[in-house]
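Working notes, structure below.
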Amino acid sequence: MLVSLKWLKDYVDVELTAEQLAQKLTMAGLEVEEIKNISPKFSGVVVAKILSVKPHPSADRLSLCDVSDGTEKYKIVCGAKNISGGNIVPLAKVGAVIPGGYTIKSAVLRGEKSEGMLCSEAELEIGDDESGIMQLPVNLKPGLPLEKALNIGDTVLDINVTPNRSDCLSMIGIAREVAAITGKKMRLPAVKIKEKAEDIKSLTSVKIIDSDLCPRYTARMIKNVKIASSPIWMKNRLEAAGLRSINNIVDVTNFVMLETGQPLHAFDFHFLEKGKIVVRKSRDNEEFISLDGKSRRLPADTLLICDGVKPVAIGGIMGGLNSEVKEDTQIILLESAYFNPSSIRRSSRFLAMSTDAAFRFERGIDPEGVVKALNRAAQLIADLAGGSICKNYIDEYPRKISTAKNIPLRLEQIHRIIGTEIKEKNVVRILIGIGMILKPKGKGVYLVTPPTCRVDITREIDLIEEIIRLYGYDRVPVTLPSVFMTEMEVIPRLEMEEKIRQLLVGSGFTEIVNYSFGTPLIADILSLPNNDERRNFISINNPLGEELSTMRTTMIHGLLDTAKKNANNGSYDLRIFEIGRVFFNRKKEELPEERNMLAGLITGKITDDFWNSNRNVNFYTLKGCLENIFYCLKINNCRYISTSNESFLHPGKACKILLAERQIGIAGEVHPDINEKFDFKNNIYIFEINMDILNTACRDSKILYHELSKFPSATRDAAFVVADLMEAEKMINIILEQKEDLLENVSIFDVYKGKGIPEGTKSMGLRFSYRAPDRTLTDAEVSAIHDRIVQKTVNVAGAKIR
């Protein structure tokens with residue numbers, strides 16, 4: 001919002017400097033981004049009077065003018081045709097500088113001496129009229145510097161008005177703030193309408209079909225207007241506010257919009273067929289040509305202002321080319337209305353038409369200021385265009401616009417929120433200063449009704465904000481907050497998550513965070529069976545799009561999608577994990593089921609290229625990462641079962657993860673079909689674990705200690721030829737179930753298939769470690785125990801000793 005200080009002083013006395021005023025406005029919540037000084041782009045130009053005009057003896061298109069600045073007379077050669085004796089005009093004397101850096105010099109034109117130059121608006125860059133010499137008011141005294149005579153210099157504040165403060169998108173709104181800040185009285189322009197006998201209601205009518213989008217529409221008619229340029233004072237104010245002067249009628253509507261914050265529109269009544277206004281929604285794909293000359297296809301539900309036949313304006317945004325004010329316009333139908341802010345915002349964004357009117361309507365205007373602005377504009381049009389105002393005005397108001405009333409305000413609540421005590425008389429003074437009405441209701445309580453222009457004030461906290469910003473944030477004493485020290489509560493699940501997070505990051509993983517919602521198509525992408533619970537999606541009521549329309553039931557798709565994005569950017573060696581939640585739709589339950597999950601993905605090379613290693617990650621790399629997690633959490637009863645039936649995992653290269661016979665997760669290589677869908681070049685290995693079950697196991701697990709033996713261990717190796725389907729875990733369990741006290745540990749050190757091994761079998765090498773806590777075992781003792789274990793293992797497993 002550009003605020004002219006000269007214009008502002010029409011409504012409130014400002015004794016502060018521009019810098020001081022900017023500081024106070026900024027501290028009150030209206031940030032002043034820039035202070036601009038406007039000065040004329042000319043010097044040495046004065047007010048002069050033409051004494052006489054004679055034809056040039058040697059040029060038909062030139063004239064000889066005798067001009068006086070009140071002190072001296074000058075001979076001027078001029079080519080303009082709109083001058084005559086007695087005109088008051090701007091004179092650039094010899095030595096004057098005009099825009100463009102031109103210095104006026106004495107010259108001889110066709111044999112006649114010229115001692116200066118008579119100027120047009122365009123030549124001085126104080127207007128756009130270049131058709132002739134600028135005509136000044138006849139009451140101006142010759143000899144006055146033109147900038148002083150026209151009061152051209154100004155200072156403009158560029159104020160960043162926040163979206164909630166639509167009341168400050170007007171000069172009166174800013175003046176109200178300045179008056180409240182400085183304690184000065186505010187002056188509103190006097191509006192006196194002189195109406196003629198002819199009643200507007202006998203000439204036109206207004207019908208509102210869609211009152212939800214336009215709850216109020218008012219109109220006045222002004223007849224016998226004369227279209228001309230606006231006076232200098234109005235042009236200066238409009239240009240200081242960043243608007244271009246067009247003609248006296250359009251300039252009045254823009255002036256009143258800037259003054260009051262109420263956008264208006266002027267129709268040439270001659271072009272309104274059937275002489276009436278109809279407010280309705282557009283039909284889908286309805287065509288409209290706006291004032292900027294562009295043809296637009298409108299979506300359904302765009303608000304239109306129509307005459308008896310056709311649209312003549314897009315309500316609250318822009319008028320139509322078919323009803324604009326032209327040079328021969330004589331009758332004006334003046335519109336002042338209230339439009340639904342949401343409707344204007346939606347239409348403005350869709351049509352990409354961000355006009356000054358739409359900017360104000362979409363933020364909310366004063367519903368009770370509609371008629372005030374209408375009368376103000378009608379008065380100015382009558383004054384500047386010589387029109388006569390018809391009797392009465394039309395005010396169609398089918399749907400009452402509600403405004404906030406009687407908001408309870410407690411003084412003790414002000415103290416509690418602000419942290420300092422503000423005296424009751426200061427609270428009352430501040431609120432009355434910005435137009436609020438206060439009614440006492442008991443001790444320390446007021447009922448406050450804000451002015452209708454303050455559409456942002458609806459709650460007690462809004463009133464408190466008004467009080468503190470006008471009281472002064474800088475007047476609130478600095479105090480340290482009271483802090484009560486309490487012992488931090490340890491949440492086992494979060495503690496476990498942090499352990500896992502540190503472990504995986506230390507193992508070269510990177511944590512990622514994906515959206516908790518996604519597309520329902522992931523079930524088909526992962527080829528989940530129809531009866532899989534992960535197809536029970538929870539739909540989002542107002543999704544951003546189809547791809548983000550449901551809550552996720554697995555984190556696998558998010559990992560694969562992230563891996564794909566990395567691969568597209570040339571990152572093929574990847575270790576990523578995510579800790580988050582998945583959501584399941586339980587139709588019988590009121591709320592969905594949420595599960596805390598851990599998921600990870602690895603692909604590419606095991607080490608970086610500079611280690612000269614070409615080894616890629618595999619299933620056992622993934623399994624090793626999981627075993628590190630379980631070892632860190634002191635969980636030693638996890639099992640890996642290869643009978644996983646996950647549709648998105650490779651058969652034979654995947655497993656279920658069991659904890660005490662309860663499945664807690666899955667791990668394995670991604671199925672080739674899924675790889676093909678994502679166009680992966682490398683094999684992808686993934687895991688997903690239920691953190692809730694894992695947390696319960698951690699909480700219930702007990703750590704057992706025993707004394708370290710002082711005596712050495714003895715080891716024996718044995719190779720068993722077993723069926724190819726025999727799992728290593730089952731083989732180890734057969735040995736451990738024999739419960740030999742002196743058997744300290746058993747592990748697999750080799751698996752071999754090939755030459756010398758019958759087809760359908762494999763060789764499994766196991767290492768046995770024996771130790772006694774109280775003595776050194778003899779070789780005979782070790783051999784006896786070892787032979788017994790081996791023989792029983794052969795019998796139970798159906799194996800052979802290799």
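Residues in the structure tokens are named by chain (A, B, ... in the order shown) and by number from 1 within that chain; ligands are numbered from 1 in the order shown.
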(request) Might you pull out every residue within 7 Å of range 711-723 of chain A, with only C-alpha atoms counted and same-chain residues fewer than 5 positions away left off, and present them as a PyMOL selection string? (result) chain A and resi 760-771+773+775-776+799-802
For the residues in the current selection, export N, CA, C and O atoms as an mmCIF file, in the first residue's frame.
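What ended up in part14.cif:
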```cif
data_model
loop_
_atom_site.group_PDB
_atom_site.id
_atom_site.type_symbol
_atom_site.label_atom_id
_atom_site.label_comp_id
_atom_site.auth_asym_id
_atom_site.auth_seq_id
_atom_site.Cartn_x
_atom_site.Cartn_y
_atom_site.Cartn_z
ATOM 1 N N GLY A 760 21.306 -82.401 -5.213
ATOM 2 C CA GLY A 760 20.183 -82.255 -4.285
ATOM 3 C C GLY A 760 20.629 -82.171 -2.843
ATOM 4 O O GLY A 760 19.782 -82.127 -1.949
ATOM 5 N N THR A 761 21.949 -82.181 -2.632
ATOM 6 C CA THR A 761 22.471 -82.057 -1.263
ATOM 7 C C THR A 761 23.514 -80.944 -1.232
ATOM 8 O O THR A 761 23.923 -80.412 -2.262
ATOM 9 N N LYS A 762 23.973 -80.682 -0.029
ATOM 10 C CA LYS A 762 25.027 -79.688 0.148
ATOM 11 C C LYS A 762 25.839 -80.073 1.375
ATOM 12 O O LYS A 762 25.378 -80.825 2.250
ATOM 13 N N SER A 763 27.053 -79.545 1.408
ATOM 14 C CA SER A 763 27.935 -79.788 2.560
ATOM 15 C C SER A 763 27.868 -78.576 3.466
ATOM 16 O O SER A 763 28.040 -77.444 3.024
ATOM 17 N N MET A 764 27.625 -78.856 4.747
ATOM 18 C CA MET A 764 27.510 -77.773 5.725
ATOM 19 C C MET A 764 28.579 -77.976 6.792
ATOM 20 O O MET A 764 28.561 -78.972 7.532
ATOM 21 N N GLY A 765 29.582 -77.095 6.837
ATOM 22 C CA GLY A 765 30.670 -77.202 7.811
ATOM 23 C C GLY A 765 30.341 -76.463 9.081
ATOM 24 O O GLY A 765 30.037 -75.265 9.056
ATOM 25 N N LEU A 766 30.415 -77.189 10.236
ATOM 26 C CA LEU A 766 30.101 -76.582 11.529
ATOM 27 C C LEU A 766 31.315 -76.619 12.438
ATOM 28 O O LEU A 766 32.104 -77.584 12.416
ATOM 29 N N ARG A 767 31.479 -75.609 13.228
ATOM 30 C CA ARG A 767 32.572 -75.550 14.197
ATOM 31 C C ARG A 767 31.969 -75.587 15.595
ATOM 32 O O ARG A 767 31.088 -74.771 15.936
ATOM 33 N N PHE A 768 32.488 -76.549 16.418
ATOM 34 C CA PHE A 768 32.008 -76.759 17.781
ATOM 35 C C PHE A 768 33.071 -76.245 18.754
ATOM 36 O O PHE A 768 34.270 -76.524 18.574
ATOM 37 N N SER A 769 32.624 -75.528 19.771
ATOM 38 C CA SER A 769 33.548 -75.044 20.793
ATOM 39 C C SER A 769 33.112 -75.592 22.145
ATOM 40 O O SER A 769 31.938 -75.481 22.529
ATOM 41 N N TYR A 770 34.103 -76.217 22.870
ATOM 42 C CA TYR A 770 33.827 -76.856 24.161
ATOM 43 C C TYR A 770 34.660 -76.189 25.238
ATOM 44 O O TYR A 770 35.837 -75.849 25.029
ATOM 45 N N ARG A 771 34.077 -76.041 26.448
ATOM 46 C CA ARG A 771 34.816 -75.447 27.563
ATOM 47 C C ARG A 771 34.131 -75.835 28.869
ATOM 48 O O ARG A 771 32.894 -75.872 28.942
ATOM 49 N N PRO A 773 33.849 -74.824 33.026
ATOM 50 C CA PRO A 773 34.085 -73.655 33.860
ATOM 51 C C PRO A 773 35.113 -73.874 34.975
ATOM 52 O O PRO A 773 35.635 -72.912 35.527
ATOM 53 N N ARG A 775 37.777 -76.535 34.891
ATOM 54 C CA ARG A 775 38.988 -77.311 34.597
ATOM 55 C C ARG A 775 39.272 -77.238 33.104
ATOM 56 O O ARG A 775 38.434 -76.817 32.310
ATOM 57 N N THR A 776 40.421 -77.723 32.752
ATOM 58 C CA THR A 776 40.796 -77.851 31.344
ATOM 59 C C THR A 776 40.375 -79.221 30.861
ATOM 60 O O THR A 776 40.707 -80.245 31.470
ATOM 61 N N ALA A 799 21.616 -86.856 8.017
ATOM 62 C CA ALA A 799 22.812 -86.365 7.329
ATOM 63 C C ALA A 799 23.866 -87.460 7.237
ATOM 64 O O ALA A 799 23.733 -88.545 7.822
ATOM 65 N N LYS A 800 24.887 -87.136 6.513
ATOM 66 C CA LYS A 800 26.069 -87.999 6.412
ATOM 67 C C LYS A 800 27.294 -87.164 6.720
ATOM 68 O O LYS A 800 27.341 -85.972 6.413
ATOM 69 N N ILE A 801 28.295 -87.840 7.323
ATOM 70 C CA ILE A 801 29.552 -87.149 7.589
ATOM 71 C C ILE A 801 30.373 -87.152 6.309
ATOM 72 O O ILE A 801 30.546 -88.174 5.661
ATOM 73 N N ARG A 802 30.838 -85.981 5.934
ATOM 74 C CA ARG A 802 31.612 -85.867 4.694
ATOM 75 C C ARG A 802 33.036 -86.326 4.932
ATOM 76 O O ARG A 802 33.654 -85.915 5.913
#
```
(request) Could you please write out, as a PyMOL selection string, every residue of range 67-303 of chain A that DSSP assigns to helix (DSSP H, G or I)? (result) chain A and resi 121-124+146-149+166-168+171-182+200-202+232-240+248-260+269-271+273-275
(message) List as an MDAnalysis selection string the protein and nucleic acid residues near Cys638 in chain A, meaning an atom at most 7 Å away when only C-alpha atoms are counted, but skip any in the same chain fewer than 6 places from it.
(response) chainID A and resid 657:660
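Assigned to strand (DSSP E or B) in range 731-771 of chain A, given DSSP computed from backbone atoms, are Leu743, Glu744, Asn745, Val746, Ser747, Ile748, Phe749, Asp750, Val751, Tyr752, Thr761, Lys762, Ser763, Met764, Gly765, Leu766, Arg767, Phe768, Ser769 and Tyr770 of chain A.
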(request) Find the residues near Gly132 in chain A: any atom within 12 Å, counting only C-alpha atoms, skip ones fewer than 6 places away on the same chain, and give them as a ChimeraX atom specification. (result) /A:78-84,89-90,118-123
(request) Determine, counting only C-alpha atoms, which protein, DNA and RNA residues have an atom within 9 Å of an atom of Pro189 in chain A; residues of the same chain fewer than 2 positions away are not included. Present the result as a count of residues only. (result) 5
(request) Would you mind listing what lies within 10 Å of range 194-203 of chain A as number ranges by chain, with only C-alpha atoms counted and same-chain residues fewer than 6 positions away left out? (result) A: 219-223, 275-276, 333, 378-379, 382, 388-394
